[in-house]
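Trainee: This is the structure I have questions about; it appears just below.
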Amino acid sequence: SPKQGQTTAVAKKKKLDDATKINALGQIDVGRSKLMLWHRPTLRSGRLLKDLRGVTMIITAQAKRESPQDVRKICEQFGMKHFWIELNGANQALLCDKAVLKYMRKRIRELLTILKENEEVALIHCAAGIHRTGSLGYTLLRLAANDPLNKEQAYAALKIMREDTWKGVGDW
């Protein structure tokens with residue numbers, strides 16, 4: 001039917017758009033690993049991230065209510081590792097909360113150890129791939145085990161990794 005043909009054409013265009021965007025992602029070294037930024041992966045983009053970019057690990061920065069276990073299932077399906085940092089947002093009040101900071105320090109140390117000791121192609125995401133993704137990516141770059149970046153270098157690296165994240169974070 002014509003409607004079914006249109007649906008198939010839209011799905012093919014979406015896959016091409018995702019592939020183009022995934023291929024445009026930059027990678028920055030963190031430890032022995034490579035780091036990329038993206039928005040929440042779907043089953044389709046999860047497959048593309050694995051096939052096109054060799055992603056071996058997905059880092060989820062989302063709240064429990066955002067169903068991070070769905071991303072874990074995508075990882076399991078494609079043989080990727082999953083690392084979840086429970087983060088209920090990226091607003092200033094939350095990121096200044098002592099309990100949140102203590103939890104974040106612990107999880108970031110664990111993540112840095114993994115990235116330093118293993119050769120992962122790791123992808124950080126939240127929902128839109130902007131604030132939580134950018135904050136976590138920036139922090140990892142500032143603390144990078146092999147060659148920490150200064151503030152300006154880390155911010156510039158966000159643009160290399162994913163321009164949408166860099167634009168969205170801005171002077172935030």
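For the structure tokens, the naming scheme is as follows: chains receive sequential letters (A, B, ...) according to their order of presentation, residues are indexed from 1 within each chain, and ligands are indexed from 1 in presentation order.
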Looking only at the backbone, which of the residues in segment 4-163 of chain A does DSSP tag as strand (DSSP E or B), as a PyMOL selection string?
Mentor: chain A and resi 28-30+33-38+57-62+81-86+121-125
Trainee: Could you pull the residues within 8 Å of Arg162 of chain A, counting only C-alpha atoms, minus those fewer than 2 positions along the same chain, as a PyMOL selection string?
Mentor: chain A and resi 24-26+36-38+158-160+164-166
Trainee: Go ahead and write the selection's residues with N, CA, C and O atoms as a short mmCIF file (atom, residue, chain, number, x, y, z; two decimals), in the first residue's frame.
Mentor:
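Below is the file that was written, result.cif:
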data_model
loop_
_atom_site.label_atom_id
_atom_site.label_comp_id
_atom_site.auth_asym_id
_atom_site.auth_seq_id
_atom_site.Cartn_x
_atom_site.Cartn_y
_atom_site.Cartn_z
N ALA A 24 29.42 11.36 12.53
CA ALA A 24 29.99 12.69 12.76
C ALA A 24 30.49 12.88 14.19
O ALA A 24 31.17 13.87 14.48
N LEU A 25 30.18 11.95 15.09
CA LEU A 25 30.61 12.09 16.48
C LEU A 25 32.13 12.01 16.58
O LEU A 25 32.76 11.16 15.97
N GLY A 26 32.70 12.92 17.37
CA GLY A 26 34.13 12.89 17.62
C GLY A 26 34.44 12.06 18.85
O GLY A 26 33.57 11.80 19.68
N MET A 36 32.75 9.36 23.66
CA MET A 36 31.84 10.07 22.76
C MET A 36 30.59 10.50 23.53
O MET A 36 30.30 9.95 24.60
N LEU A 37 29.85 11.44 22.97
CA LEU A 37 28.62 11.95 23.58
C LEU A 37 27.46 11.75 22.61
O LEU A 37 27.62 11.91 21.40
N TRP A 38 26.27 11.49 23.16
CA TRP A 38 25.09 11.25 22.32
C TRP A 38 23.86 11.44 23.17
O TRP A 38 23.95 11.68 24.37
N LEU A 158 34.21 19.24 24.02
CA LEU A 158 32.79 18.91 23.89
C LEU A 158 32.31 19.16 22.46
O LEU A 158 31.54 18.39 21.91
N LYS A 159 32.79 20.24 21.85
CA LYS A 159 32.40 20.56 20.47
C LYS A 159 32.91 19.50 19.50
O LYS A 159 32.21 19.13 18.56
N ILE A 160 34.11 19.00 19.73
CA ILE A 160 34.67 17.94 18.88
C ILE A 160 33.84 16.67 19.02
O ILE A 160 33.55 15.99 18.04
N ASP A 164 26.04 19.41 19.13
CA ASP A 164 24.74 19.70 19.76
C ASP A 164 24.89 19.81 21.27
O ASP A 164 24.25 20.65 21.90
N THR A 165 25.73 18.97 21.87
CA THR A 165 25.96 19.05 23.32
C THR A 165 26.69 20.34 23.65
O THR A 165 26.30 21.07 24.57
N TRP A 166 27.73 20.64 22.91
CA TRP A 166 28.52 21.86 23.13
C TRP A 166 27.63 23.10 23.04
O TRP A 166 27.70 23.98 23.90
#
Trainee: Just the residues within 9 Å of segment 49-64 of chain A, please, counting only C-alpha atoms, with nothing from its chain fewer than 5 positions along; format it as a PyMOL selection string.
Mentor: chain A and resi 19+22-23+25+36+40-41+44+69+71-72+75+78-89+111+119-127+132-133+136
Trainee: Using only C-alpha atoms, find each residue of segment 48-163 of chain A with at least one atom at most 9 Å away from an atom of segment 29-35 of chain A; report its shortest atom-to-atom pair and that distance in Å (one decimal), sort the rows by chain and rising residue number, and return the result as a Markdown table.
Mentor:
| residue | atom | partner | partner_atom | distance |
| --- | --- | --- | --- | --- |
| A:Leu112 | CA | A:Gly31 | CA | 7.5 |
| A:Thr113 | CA | A:Gly31 | CA | 8.3 |
| A:Ile114 | CA | A:Gly31 | CA | 8.6 |
| A:Leu115 | CA | A:Ser33 | CA | 5.3 |
| A:Lys116 | CA | A:Gly31 | CA | 3.8 |
| A:Glu117 | CA | A:Arg32 | CA | 6.4 |
| A:Asn118 | CA | A:Arg32 | CA | 5.9 |
| A:Glu119 | CA | A:Ser33 | CA | 4.6 |
| A:Glu120 | CA | A:Ser33 | CA | 4.6 |
| A:Val121 | CA | A:Lys34 | CA | 4.8 |
| A:Ala122 | CA | A:Leu35 | CA | 4.9 |
| A:Leu123 | CA | A:Leu35 | CA | 5.8 |
| A:Ile124 | CA | A:Leu35 | CA | 7.5 |
| A:Gly137 | CA | A:Leu35 | CA | 8.1 |
| A:Leu140 | CA | A:Val30 | CA | 7.4 |
| A:Leu141 | CA | A:Val30 | CA | 6.8 |
| A:Leu143 | CA | A:Val30 | CA | 8.7 |
| A:Ala144 | CA | A:Val30 | CA | 5.2 |
| A:Ala145 | CA | A:Gly31 | CA | 5.0 |
| A:Asn146 | CA | A:Gly31 | CA | 5.1 |
| A:Asp147 | CA | A:Val30 | CA | 7.8 |
| A:Pro148 | CA | A:Val30 | CA | 8.5 |
| A:Met161 | CA | A:Leu35 | CA | 7.9 |
Trainee: Since we have the selection now, will you write its residues out, keeping C-alpha atoms, as a JSON list (two decimals), in the first residue's frame?
Mentor:
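Saved as result_38.json:
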[["chain", "number", "residue", "atom", "x", "y", "z"],
["A", 112, "LEU", "CA", 37.59, 6.70, 35.43],
["A", 113, "THR", "CA", 39.21, 3.49, 36.66],
["A", 114, "ILE", "CA", 37.36, 1.50, 33.99],
["A", 115, "LEU", "CA", 38.27, 4.00, 31.25],
["A", 116, "LYS", "CA", 41.91, 4.14, 32.40],
["A", 117, "GLU", "CA", 42.44, 0.39, 32.67],
["A", 118, "ASN", "CA", 40.44, -0.83, 29.65],
["A", 119, "GLU", "CA", 40.32, 0.01, 25.97],
["A", 120, "GLU", "CA", 36.67, 0.99, 25.71],
["A", 121, "VAL", "CA", 34.86, 3.01, 23.11],
["A", 122, "ALA", "CA", 32.48, 4.61, 25.58],
["A", 123, "LEU", "CA", 29.42, 6.72, 24.91],
["A", 124, "ILE", "CA", 27.82, 9.01, 27.50],
["A", 137, "GLY", "CA", 31.80, 14.49, 29.72],
["A", 140, "LEU", "CA", 35.78, 13.23, 32.84],
["A", 141, "LEU", "CA", 37.92, 15.33, 30.49],
["A", 143, "LEU", "CA", 40.02, 14.50, 35.41],
["A", 144, "ALA", "CA", 41.27, 12.34, 32.53],
["A", 145, "ALA", "CA", 43.84, 9.88, 33.77],
["A", 146, "ASN", "CA", 46.38, 10.24, 30.96],
["A", 147, "ASP", "CA", 46.20, 13.94, 30.13],
["A", 148, "PRO", "CA", 43.70, 16.12, 32.04],
["A", 161, "MET", "CA", 32.71, 15.14, 20.50]]
Trainee: What parts of segment 19-160 of chain A does DSSP call helix (DSSP H, G or I)? I'd like the answer as a count of residues only.
Mentor: 78
